[in-house]
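Enquirer: I have a structure here, written as structure tokens, and I will follow up with some questions on it.
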Amino acid sequence: MGGIIQEAKYSCALGSQQSVLAIPRAIPIIHAGPGCSARQFSYLSAGAGYQGEGYAGGAQIPCTNSTQNEVVFGGEKKLGKLIDATLDVMDGDLYVVMSGCTAGIVGDDVKQVAEDHSTKEKKVIGVDTAGFRGNNYKGHNLVLEALIEQFVGDVDEEIEPEKGLVNVFSVVPYQDVYWRGDLEEIKRILTGIGLKVNILFGYGSEGVSEWKNIPNAQLNIVLSPWVGLSAAKLCQRKYGTPFLHEPVLPVGLKATSAFLRRVGEALELDTDKVESFIKYEEKRYKKYFVSIGDFLADYSSYIPFDAYVSADDIYGVGISDFLENELGIEVVKFYDSSEPNNASKDRIKEKLESIKEGLGERVVFEGDNALIKEDIKRNIDERKTKSVIFGSSWDRELAYNTKSVLIYLSVPILEKVIVSKSYVGYNGGLQLIEDLYSGVLNKGFIAHTTVEK
């Protein structure tokens with residue numbers, strides 16, 4: 001089976017068309033073969049909790065549908081006609097031309113074609129997202145960098161940063177099935193300590209005006225082990241904006257409060273204001289947490305204390321931190337499915353080790369979910385303990401056969417409709433607690449008695 005990856009939990013670089021769709025009124029224009037764009041949408045939207053087409057997604061996405069003719073003679077002329085037609089019939093604030101494998105192999109220059117057809121009123125940029133460039137995490141990075149280089153652009157004069165304004169580079173839209181709720185919670189907690197936030201994607205974003213405002217930020221915040229880091233470094237080179245790299249997505253009380261304090265310190269915010277917000281959120285969080293005390297006491301023998309996290313490192317590291325340091329659940333193994341480079345792998349191991357001694361040795365970098373499932377089953381059979389698996393629809397049968405709780409954390413998700421759910425921040429931690437312990441009941445671990453009338 002050499003080279004074959006089964007049940008991958010990511011897409012190819014062209015999947016970053018969904019990142020463009022996550023920017024309000026931004027329209028992707030795809031230069032690829034027939035079906036490429038549709039498959040990306042099918043997997044990363046319909047297959048990620050049925051998240052819908054959005055403003056210009058799904059069957060609305062313009063595509064050249066390149067054929068053998070474009071392979072032989074090149075497709076730049078056909079792409080130019082498609083761009084002009086799109087500008088005529090589709091109302092957007094930004095148009096992003098993205099290439100698939102066919103255009104990448106032939107060597108069509110989508111950036112130049114985009115520039116040639118861009119107008120003052122309707123900005124068009126181009127980015128090479130051929131599938132062989134990597135997965136859609138890397139494609140997302142390429143889109144971020146292209147937007148900063150070609151859309152935000154250079155500044156003509158020295159920038160005076162706007163005090164309290166921050167840009168956030170974090171989760172990958174749609175690939176993170178909870179991205180909408182996650183970004184809303186990140187913006188909420190940062191606003192709570194007195195900041196103005198360019199969240200850049202999702203319903204909480206003001207669209208392209210936020211992207212144009214990127215150079216004016218006082219700080220860039222990278223909430224990810226490696227995704228978005230190159231964009232923050234690019235902003236530092238172009239605009240002189242410093243960045244705060246937070247490799248752990250904050251989940252729950254402890255991590256979120258610590259994160260906010262580090263942000264406050266980096267920006268020299270009013271300590272009293274930061275602590276006042278944290279105090280309010282922690283008090284509220286603890287009240288809700290205490291309310292499940294009776295459940296934990298009564299059903300402690302049914303609650304899993306082993307966890308297997310099979311997800312990308314953006315979410316997986318944060319979830320592992322929450323399980324180990326807030327719920328007291330041991331992460332037996334964390335399977336990182338996002339294919340980071342070697343430098344990022346070292347950073348992830350180091351961060352996991354700082355969360356708990358020995359945790360850095362329990363991370364497995366693996367994109368083949370069939371192999372991951374085999375390893376999880378082997379560990380559960382050996383340890384003979386009740387477990388919780390953080391995974392996707394690929395892991396449903398495994399959870400059933402091992403009598404484990406399954407928490408959906410990565411694509412694909414076909415058994416749930418996702419609207420605004422999140423496991424990030426204070427609210428996300430409470431939601432995760434609710435889902436985890438509800439899962440204990442749903443698995444039938446507990447024998448219920450029926451009260452007859």
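Ligands are numbered from 1 in the order shown, residues from 1 within each chain, and chains are lettered A, B, ... in the order they appear in the structure tokens.
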Tell me, as a PyMOL selection string, which residues lie within 7 Å of range 17-24 of chain A, counting only C-alpha atoms; anything in the same chain fewer than 3 positions away does not count.

Expert: chain A and resi 14+27-28+56-57+140+172-174+200-202+207

Enquirer: Please run DSSP on the backbone and report, as a PyMOL selection string, all residues within range 21-148 of chain A that come out as helix (DSSP H, G or I).

Expert: chain A and resi 21+36-46+58-60+68-73+76-89+101-106+110-117+131-133+136-148

Enquirer: With only C-alpha atoms as the counted atoms, please give the residues lying no more than 7 Å from Leu195 in chain A, apart from itself and same-chain residues fewer than 3 positions off, as a PDB file with N, CA, C and O atoms, in the first residue's frame.

Expert:
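And here is the file that came out, part_18.pdb:
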ATOM      1  N   GLY A 164      -4.140  49.349  20.946  1.00  0.00           N
ATOM      2  CA  GLY A 164      -5.174  48.375  21.289  1.00  0.00           C
ATOM      3  C   GLY A 164      -5.716  47.579  20.118  1.00  0.00           C
ATOM      4  O   GLY A 164      -6.569  46.709  20.301  1.00  0.00           O
ATOM      5  N   LEU A 165      -5.221  47.825  18.889  1.00  0.00           N
ATOM      6  CA  LEU A 165      -5.690  47.079  17.718  1.00  0.00           C
ATOM      7  C   LEU A 165      -4.798  45.858  17.499  1.00  0.00           C
ATOM      8  O   LEU A 165      -3.573  45.971  17.440  1.00  0.00           O
ATOM      9  N   LEU A 190     -10.895  38.766  23.758  1.00  0.00           N
ATOM     10  CA  LEU A 190      -9.907  39.821  23.544  1.00  0.00           C
ATOM     11  C   LEU A 190     -10.557  41.200  23.645  1.00  0.00           C
ATOM     12  O   LEU A 190      -9.966  42.143  24.189  1.00  0.00           O
ATOM     13  N   THR A 191     -11.765  41.316  23.144  1.00  0.00           N
ATOM     14  CA  THR A 191     -12.514  42.573  23.303  1.00  0.00           C
ATOM     15  C   THR A 191     -12.790  42.838  24.778  1.00  0.00           C
ATOM     16  O   THR A 191     -12.786  43.983  25.234  1.00  0.00           O
TER      17      THR A 191
END

Enquirer: Any idea what's packed within 10 Å of Arg188 in chain A, counting only C-alpha atoms, ignoring anything in its chain fewer than 6 positions away? Could you give it as number ranges by chain?

Expert: A: 182, 195, 197, 204, 425

Enquirer: Mind writing the picked residues with N, CA and C atoms as a compact mmCIF listing (two decimals), in the first residue's frame?

Expert:
# COMPACT_ATOMS: atom_id res chain seq x y z
N ASP A 182 -15.37 29.44 17.20
CA ASP A 182 -14.04 29.66 17.78
C ASP A 182 -13.59 31.11 17.62
N LEU A 195 -9.46 45.31 23.87
CA LEU A 195 -8.81 45.39 22.57
C LEU A 195 -9.82 45.55 21.43
N VAL A 197 -10.31 44.12 17.69
CA VAL A 197 -9.80 42.89 17.10
C VAL A 197 -10.15 42.77 15.62
N GLY A 204 -17.93 37.43 12.57
CA GLY A 204 -17.48 38.52 13.42
C GLY A 204 -16.53 39.47 12.73
N GLY A 425 -11.84 28.91 24.57
CA GLY A 425 -12.11 29.93 25.57
C GLY A 425 -12.90 29.42 26.75

Enquirer: Choose the residue, out of A:Ala26, A:Val411, A:Val71, A:Leu142, that has the smallest atom-to-atom separation from Met90 in chain A; count only C-alpha atoms.

Expert: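 Checking each candidate against Met90 in chain A, we get A:Ala26 as the closest.
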
Enquirer: Near Arg25 in chain A, counting only C-alpha atoms, which residues have an atom at most 7 Å away, once you skip same-chain residues fewer than 4 positions from it, shown as a list in words?

Expert: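 Surrounding residues, per the criterion: Tyr55, Gly92, Asp93, Leu94 and Gly207 of chain A.
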
Enquirer: Would you kindly return, as a ChimeraX atom specification, each protein, DNA or RNA residue with an atom no farther than 12 Å from any atom of Leu359 in chain A, considering only C-alpha atoms and excluding same-chain residues fewer than 2 positions away?

Expert: /A:317,320-321,323-325,330-335,348-357,361-364

Enquirer: Keeping only N, CA and C atoms, take the residues you just selected and write them out as a PDB file, in the first residue's frame.

Expert:
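Result file follows (again_12.pdb):
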ATOM      1  N   VAL A 317      -3.391  20.324  20.602  1.00  0.00           N
ATOM      2  CA  VAL A 317      -2.543  20.721  21.730  1.00  0.00           C
ATOM      3  C   VAL A 317      -3.381  21.380  22.816  1.00  0.00           C
ATOM      4  N   SER A 320      -5.501  18.782  24.606  1.00  0.00           N
ATOM      5  CA  SER A 320      -4.652  17.978  25.491  1.00  0.00           C
ATOM      6  C   SER A 320      -4.352  18.724  26.781  1.00  0.00           C
ATOM      7  N   ASP A 321      -4.063  20.001  26.670  1.00  0.00           N
ATOM      8  CA  ASP A 321      -3.803  20.846  27.841  1.00  0.00           C
ATOM      9  C   ASP A 321      -5.021  20.862  28.760  1.00  0.00           C
ATOM     10  N   LEU A 323      -7.542  18.691  28.967  1.00  0.00           N
ATOM     11  CA  LEU A 323      -7.810  17.380  29.558  1.00  0.00           C
ATOM     12  C   LEU A 323      -6.864  17.094  30.720  1.00  0.00           C
ATOM     13  N   GLU A 324      -5.591  17.359  30.513  1.00  0.00           N
ATOM     14  CA  GLU A 324      -4.585  17.040  31.532  1.00  0.00           C
ATOM     15  C   GLU A 324      -4.673  17.974  32.741  1.00  0.00           C
ATOM     16  N   ASN A 325      -4.803  19.253  32.509  1.00  0.00           N
ATOM     17  CA  ASN A 325      -4.647  20.233  33.583  1.00  0.00           C
ATOM     18  C   ASN A 325      -5.947  20.769  34.167  1.00  0.00           C
ATOM     19  N   GLU A 330      -6.042  11.626  31.443  1.00  0.00           N
ATOM     20  CA  GLU A 330      -4.727  11.399  30.848  1.00  0.00           C
ATOM     21  C   GLU A 330      -4.824  11.268  29.335  1.00  0.00           C
ATOM     22  N   VAL A 331      -4.025  12.045  28.628  1.00  0.00           N
ATOM     23  CA  VAL A 331      -3.918  11.901  27.178  1.00  0.00           C
ATOM     24  C   VAL A 331      -2.909  10.792  26.906  1.00  0.00           C
ATOM     25  N   VAL A 332      -3.424   9.608  26.589  1.00  0.00           N
ATOM     26  CA  VAL A 332      -2.548   8.461  26.334  1.00  0.00           C
ATOM     27  C   VAL A 332      -1.702   8.728  25.101  1.00  0.00           C
ATOM     28  N   LYS A 333      -2.343   9.253  24.048  1.00  0.00           N
ATOM     29  CA  LYS A 333      -1.611   9.636  22.844  1.00  0.00           C
ATOM     30  C   LYS A 333      -2.344  10.774  22.129  1.00  0.00           C
ATOM     31  N   PHE A 334      -1.546  11.649  21.522  1.00  0.00           N
ATOM     32  CA  PHE A 334      -2.077  12.695  20.656  1.00  0.00           C
ATOM     33  C   PHE A 334      -1.555  12.430  19.253  1.00  0.00           C
ATOM     34  N   TYR A 335      -2.475  12.221  18.310  1.00  0.00           N
ATOM     35  CA  TYR A 335      -2.118  11.931  16.929  1.00  0.00           C
ATOM     36  C   TYR A 335      -2.295  13.212  16.105  1.00  0.00           C
ATOM     37  N   ILE A 348       6.048  21.663  18.771  1.00  0.00           N
ATOM     38  CA  ILE A 348       4.861  21.013  19.328  1.00  0.00           C
ATOM     39  C   ILE A 348       5.242  20.080  20.474  1.00  0.00           C
ATOM     40  N   LYS A 349       6.294  19.280  20.267  1.00  0.00           N
ATOM     41  CA  LYS A 349       6.761  18.381  21.330  1.00  0.00           C
ATOM     42  C   LYS A 349       7.163  19.161  22.570  1.00  0.00           C
ATOM     43  N   GLU A 350       7.869  20.259  22.358  1.00  0.00           N
ATOM     44  CA  GLU A 350       8.330  21.093  23.476  1.00  0.00           C
ATOM     45  C   GLU A 350       7.150  21.673  24.243  1.00  0.00           C
ATOM     46  N   LYS A 351       6.140  22.117  23.504  1.00  0.00           N
ATOM     47  CA  LYS A 351       4.964  22.697  24.166  1.00  0.00           C
ATOM     48  C   LYS A 351       4.192  21.640  24.935  1.00  0.00           C
ATOM     49  N   LEU A 352       4.018  20.476  24.348  1.00  0.00           N
ATOM     50  CA  LEU A 352       3.328  19.390  25.036  1.00  0.00           C
ATOM     51  C   LEU A 352       4.074  18.987  26.304  1.00  0.00           C
ATOM     52  N   GLU A 353       5.385  18.978  26.243  1.00  0.00           N
ATOM     53  CA  GLU A 353       6.194  18.617  27.407  1.00  0.00           C
ATOM     54  C   GLU A 353       6.015  19.647  28.527  1.00  0.00           C
ATOM     55  N   SER A 354       5.842  20.919  28.142  1.00  0.00           N
ATOM     56  CA  SER A 354       5.618  21.958  29.153  1.00  0.00           C
ATOM     57  C   SER A 354       4.238  21.847  29.781  1.00  0.00           C
ATOM     58  N   ILE A 355       3.296  21.251  29.062  1.00  0.00           N
ATOM     59  CA  ILE A 355       1.954  21.031  29.601  1.00  0.00           C
ATOM     60  C   ILE A 355       1.981  19.948  30.669  1.00  0.00           C
ATOM     61  N   LYS A 356       2.682  18.859  30.362  1.00  0.00           N
ATOM     62  CA  LYS A 356       2.857  17.777  31.330  1.00  0.00           C
ATOM     63  C   LYS A 356       4.090  16.962  30.956  1.00  0.00           C
ATOM     64  N   GLU A 357       4.892  16.653  31.934  1.00  0.00           N
ATOM     65  CA  GLU A 357       6.106  15.883  31.694  1.00  0.00           C
ATOM     66  C   GLU A 357       5.764  14.536  31.056  1.00  0.00           C
ATOM     67  N   GLU A 361       6.433  13.062  24.492  1.00  0.00           N
ATOM     68  CA  GLU A 361       6.820  11.772  23.918  1.00  0.00           C
ATOM     69  C   GLU A 361       5.610  10.967  23.455  1.00  0.00           C
ATOM     70  N   ARG A 362       4.415  11.481  23.749  1.00  0.00           N
ATOM     71  CA  ARG A 362       3.193  10.742  23.397  1.00  0.00           C
ATOM     72  C   ARG A 362       2.500  11.302  22.165  1.00  0.00           C
ATOM     73  N   VAL A 363       3.176  12.177  21.427  1.00  0.00           N
ATOM     74  CA  VAL A 363       2.600  12.693  20.192  1.00  0.00           C
ATOM     75  C   VAL A 363       3.080  11.848  19.025  1.00  0.00           C
ATOM     76  N   VAL A 364       2.147  11.517  18.136  1.00  0.00           N
ATOM     77  CA  VAL A 364       2.453  10.736  16.939  1.00  0.00           C
ATOM     78  C   VAL A 364       2.057  11.585  15.734  1.00  0.00           C
TER      79      VAL A 364
END

Enquirer: When distances are computed from only C-alpha atoms, which of A:Ala311, A:Leu398, A:Leu269, A:Cys101 shows the smallest separation from Ile193 in chain A?

Expert: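 Between A:Ala311, A:Leu398, A:Leu269, A:Cys101, the residue approaching Ile193 in chain A most closely is A:Leu269.
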
Enquirer: Out of A:Ala343, A:Ile189, A:Leu244, A:Val227, which residue has the shortest atom-to-atom distance to Ile278 in chain A when counting only C-alpha atoms?

Expert: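 Among the listed residues, A:Ile189 lies closest to Ile278 in chain A.
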
Enquirer: Give me, as an mmCIF file with N, CA and C atoms, in the first residue's frame, all polymer residues having an atom no more than 8 Å from range 33-50 of chain A, counting only C-alpha atoms and skipping those fewer than 2 positions away in the same chain.

Expert:
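Heads up, here's the output in out14.cif:
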data_model
loop_
_atom_site.group_PDB
_atom_site.id
_atom_site.type_symbol
_atom_site.label_atom_id
_atom_site.label_comp_id
_atom_site.auth_asym_id
_atom_site.auth_seq_id
_atom_site.Cartn_x
_atom_site.Cartn_y
_atom_site.Cartn_z
ATOM 1 N N SER A 11 -7.420 18.217 3.398
ATOM 2 C CA SER A 11 -7.566 18.235 1.955
ATOM 3 C C SER A 11 -6.240 18.677 1.342
ATOM 4 N N LEU A 14 -5.611 23.335 -2.548
ATOM 5 C CA LEU A 14 -6.744 24.028 -3.162
ATOM 6 C C LEU A 14 -7.924 24.148 -2.202
ATOM 7 N N GLY A 15 -7.929 23.322 -1.155
ATOM 8 C CA GLY A 15 -8.988 23.417 -0.153
ATOM 9 C C GLY A 15 -9.041 24.775 0.521
ATOM 10 N N GLN A 17 -9.604 27.357 -0.826
ATOM 11 C CA GLN A 17 -10.702 28.148 -1.385
ATOM 12 C C GLN A 17 -11.721 28.464 -0.297
ATOM 13 N N GLN A 18 -11.830 27.557 0.696
ATOM 14 C CA GLN A 18 -12.776 27.776 1.788
ATOM 15 C C GLN A 18 -12.310 28.916 2.699
ATOM 16 N N ILE A 30 -11.484 29.641 -9.472
ATOM 17 C CA ILE A 30 -10.635 28.455 -9.497
ATOM 18 C C ILE A 30 -10.163 28.126 -10.912
ATOM 19 N N HIS A 31 -8.866 27.972 -11.054
ATOM 20 C CA HIS A 31 -8.269 27.551 -12.331
ATOM 21 C C HIS A 31 -7.773 26.125 -12.148
ATOM 22 N N GLY A 52 -22.920 24.737 4.819
ATOM 23 C CA GLY A 52 -23.564 25.561 3.808
ATOM 24 C C GLY A 52 -22.606 26.218 2.832
ATOM 25 N N GLU A 53 -23.184 26.780 1.769
ATOM 26 C CA GLU A 53 -22.390 27.388 0.709
ATOM 27 C C GLU A 53 -21.835 28.750 1.109
ATOM 28 N N GLY A 57 -20.114 30.237 -2.311
ATOM 29 C CA GLY A 57 -19.490 28.930 -2.293
ATOM 30 C C GLY A 57 -20.248 27.880 -3.067
ATOM 31 N N GLY A 58 -19.814 26.635 -2.903
ATOM 32 C CA GLY A 58 -20.490 25.522 -3.535
ATOM 33 C C GLY A 58 -20.509 25.630 -5.050
ATOM 34 N N ALA A 59 -21.706 25.450 -5.641
ATOM 35 C CA ALA A 59 -21.854 25.478 -7.097
ATOM 36 C C ALA A 59 -21.706 26.881 -7.664
ATOM 37 N N ILE A 61 -19.078 28.826 -7.179
ATOM 38 C CA ILE A 61 -17.662 29.158 -7.374
ATOM 39 C C ILE A 61 -17.294 29.083 -8.854
ATOM 40 N N CYS A 63 -15.123 28.473 -12.115
ATOM 41 C CA CYS A 63 -13.991 27.569 -12.367
ATOM 42 C C CYS A 63 -13.770 27.422 -13.873
ATOM 43 N N THR A 64 -12.509 27.360 -14.285
ATOM 44 C CA THR A 64 -12.190 27.192 -15.708
ATOM 45 C C THR A 64 -12.497 25.791 -16.216
ATOM 46 N N ASN A 65 -12.596 24.813 -15.293
ATOM 47 C CA ASN A 65 -12.826 23.421 -15.699
ATOM 48 C C ASN A 65 -11.843 23.013 -16.809
ATOM 49 N N SER A 66 -10.567 23.153 -16.508
ATOM 50 C CA SER A 66 -9.508 22.916 -17.504
ATOM 51 C C SER A 66 -9.578 21.504 -18.082
ATOM 52 N N THR A 67 -9.349 21.416 -19.370
ATOM 53 C CA THR A 67 -9.388 20.135 -20.080
ATOM 54 C C THR A 67 -8.033 19.878 -20.753
ATOM 55 N N GLY A 100 -5.200 24.949 -9.438
ATOM 56 C CA GLY A 100 -5.134 23.554 -9.042
ATOM 57 C C GLY A 100 -3.933 22.882 -9.684
ATOM 58 N N CYS A 101 -3.906 21.563 -9.632
ATOM 59 C CA CYS A 101 -2.734 20.813 -10.101
ATOM 60 C C CYS A 101 -2.480 20.992 -11.592
ATOM 61 N N THR A 102 -3.542 20.980 -12.395
ATOM 62 C CA THR A 102 -3.359 21.099 -13.848
ATOM 63 C C THR A 102 -2.631 22.383 -14.201
ATOM 64 N N TYR A 174 -13.354 26.235 8.078
ATOM 65 C CA TYR A 174 -13.962 25.005 7.559
ATOM 66 C C TYR A 174 -13.141 23.768 7.902
ATOM 67 N N GLN A 175 -11.826 23.796 7.729
ATOM 68 C CA GLN A 175 -11.004 22.671 8.176
ATOM 69 C C GLN A 175 -11.178 22.486 9.677
ATOM 70 N N VAL A 177 -13.793 22.547 12.098
ATOM 71 C CA VAL A 177 -15.246 22.461 11.954
ATOM 72 C C VAL A 177 -15.978 23.475 12.835
ATOM 73 N N SER A 410 -12.628 16.921 14.335
ATOM 74 C CA SER A 410 -11.983 17.161 13.041
ATOM 75 C C SER A 410 -12.843 16.608 11.911
ATOM 76 N N VAL A 411 -12.539 17.053 10.692
ATOM 77 C CA VAL A 411 -13.273 16.555 9.529
ATOM 78 C C VAL A 411 -12.910 15.101 9.241
ATOM 79 N N PRO A 412 -13.853 14.350 8.644
ATOM 80 C CA PRO A 412 -15.222 14.739 8.313
ATOM 81 C C PRO A 412 -16.178 14.521 9.485
ATOM 82 N N ILE A 413 -17.260 15.308 9.512
ATOM 83 C CA ILE A 413 -18.322 15.117 10.501
ATOM 84 C C ILE A 413 -19.643 15.044 9.743
ATOM 85 N N LEU A 414 -20.250 13.881 9.748
ATOM 86 C CA LEU A 414 -21.465 13.629 8.971
ATOM 87 C C LEU A 414 -22.683 13.368 9.846
ATOM 88 N N GLU A 415 -22.472 13.303 11.162
ATOM 89 C CA GLU A 415 -23.580 12.979 12.073
ATOM 90 C C GLU A 415 -24.096 14.195 12.836
ATOM 91 N N LYS A 416 -23.530 15.372 12.582
ATOM 92 C CA LYS A 416 -23.938 16.566 13.304
ATOM 93 C C LYS A 416 -24.027 17.752 12.356
ATOM 94 N N VAL A 417 -24.944 18.655 12.668
ATOM 95 C CA VAL A 417 -25.021 19.936 11.974
ATOM 96 C C VAL A 417 -24.371 20.977 12.880
ATOM 97 N N ILE A 418 -23.384 21.673 12.365
ATOM 98 C CA ILE A 418 -22.624 22.625 13.174
ATOM 99 C C ILE A 418 -22.974 24.048 12.756
#

Enquirer: How far is it from CA of Gly54 in chain A to CA of Val222 in chain A, in Å with one decimal?

Expert: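 Between CA of Gly54 in chain A and CA of Val222 in chain A the gap is 25.8 Å.
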
Enquirer: Within range 275-426 of chain A, find each residue whose DSSP state, derived from the backbone, is strand (DSSP E), and express the selection as a ChimeraX atom specification.

Expert: /A:306-311,330-336,363-365,387-391,405-408

Enquirer: Let me make sure I understand: among A:Ser344, A:Asn216, A:Ser118, A:Gln51, which one has the smallest atom-to-atom distance to Val419 in chain A if we use only C-alpha atoms?

Expert: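 Residue with the minimum atom-to-atom distance to Val419 in chain A: A:Gln51.
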
Enquirer: Which residues of range 83-167 of chain A come within 12 Å of range 235-240 of chain A, and what is each one's closest atom pair and distance in Å (one decimal), counting only C-alpha atoms, sorted by chain and residue number, as a Markdown table?

Expert:
| residue | atom | partner | partner_atom | distance |
| --- | --- | --- | --- | --- |
| A:Leu144 | CA | A:Cys235 | CA | 10.6 |
| A:Glu145 | CA | A:Cys235 | CA | 9.1 |
| A:Ala146 | CA | A:Cys235 | CA | 11.8 |
| A:Leu147 | CA | A:Cys235 | CA | 11.2 |
| A:Ile148 | CA | A:Cys235 | CA | 7.7 |
| A:Glu149 | CA | A:Lys238 | CA | 8.9 |
| A:Val152 | CA | A:Cys235 | CA | 10.1 |
| A:Gly153 | CA | A:Lys238 | CA | 8.7 |
| A:Asp154 | CA | A:Lys238 | CA | 6.9 |
| A:Val155 | CA | A:Tyr239 | CA | 7.5 |
| A:Asp156 | CA | A:Tyr239 | CA | 10.4 |
| A:Glu157 | CA | A:Tyr239 | CA | 10.0 |
| A:Glu158 | CA | A:Tyr239 | CA | 8.4 |
| A:Ile159 | CA | A:Tyr239 | CA | 7.3 |
| A:Glu160 | CA | A:Tyr239 | CA | 10.0 |
| A:Pro161 | CA | A:Gly240 | CA | 9.6 |
| A:Asn167 | CA | A:Cys235 | CA | 10.3 |

Enquirer: What is the CA of Ser392 in chain A-CA of Ser404 in chain A distance in Å, reported with one decimal?

Expert: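 Taking CA of Ser392 in chain A as the start and CA of Ser404 in chain A as the end point, the length is 13.3 Å.
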
Enquirer: Nearest residue to Gly228 in chain A out of A:Ala255, A:Leu436, A:Val168, A:Leu260, using only C-alpha atoms?

Expert: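 Smallest distance to Gly228 in chain A is found for A:Val168.
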
Enquirer: For Tyr437 in chain A, which residue out of A:Ser310, A:Ser209, A:Asn135, A:Ser387 is the nearest one, using only C-alpha atoms?

Expert: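 Distance minimum relative to Tyr437 in chain A lands on A:Ser387.
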
Enquirer: Measure the distance from CA of Ile214 in chain A to CA of Lys273 in chain A in Å and round it to one decimal.

Expert: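 Separating CA of Ile214 in chain A from CA of Lys273 in chain A is a distance of 25.0 Å.
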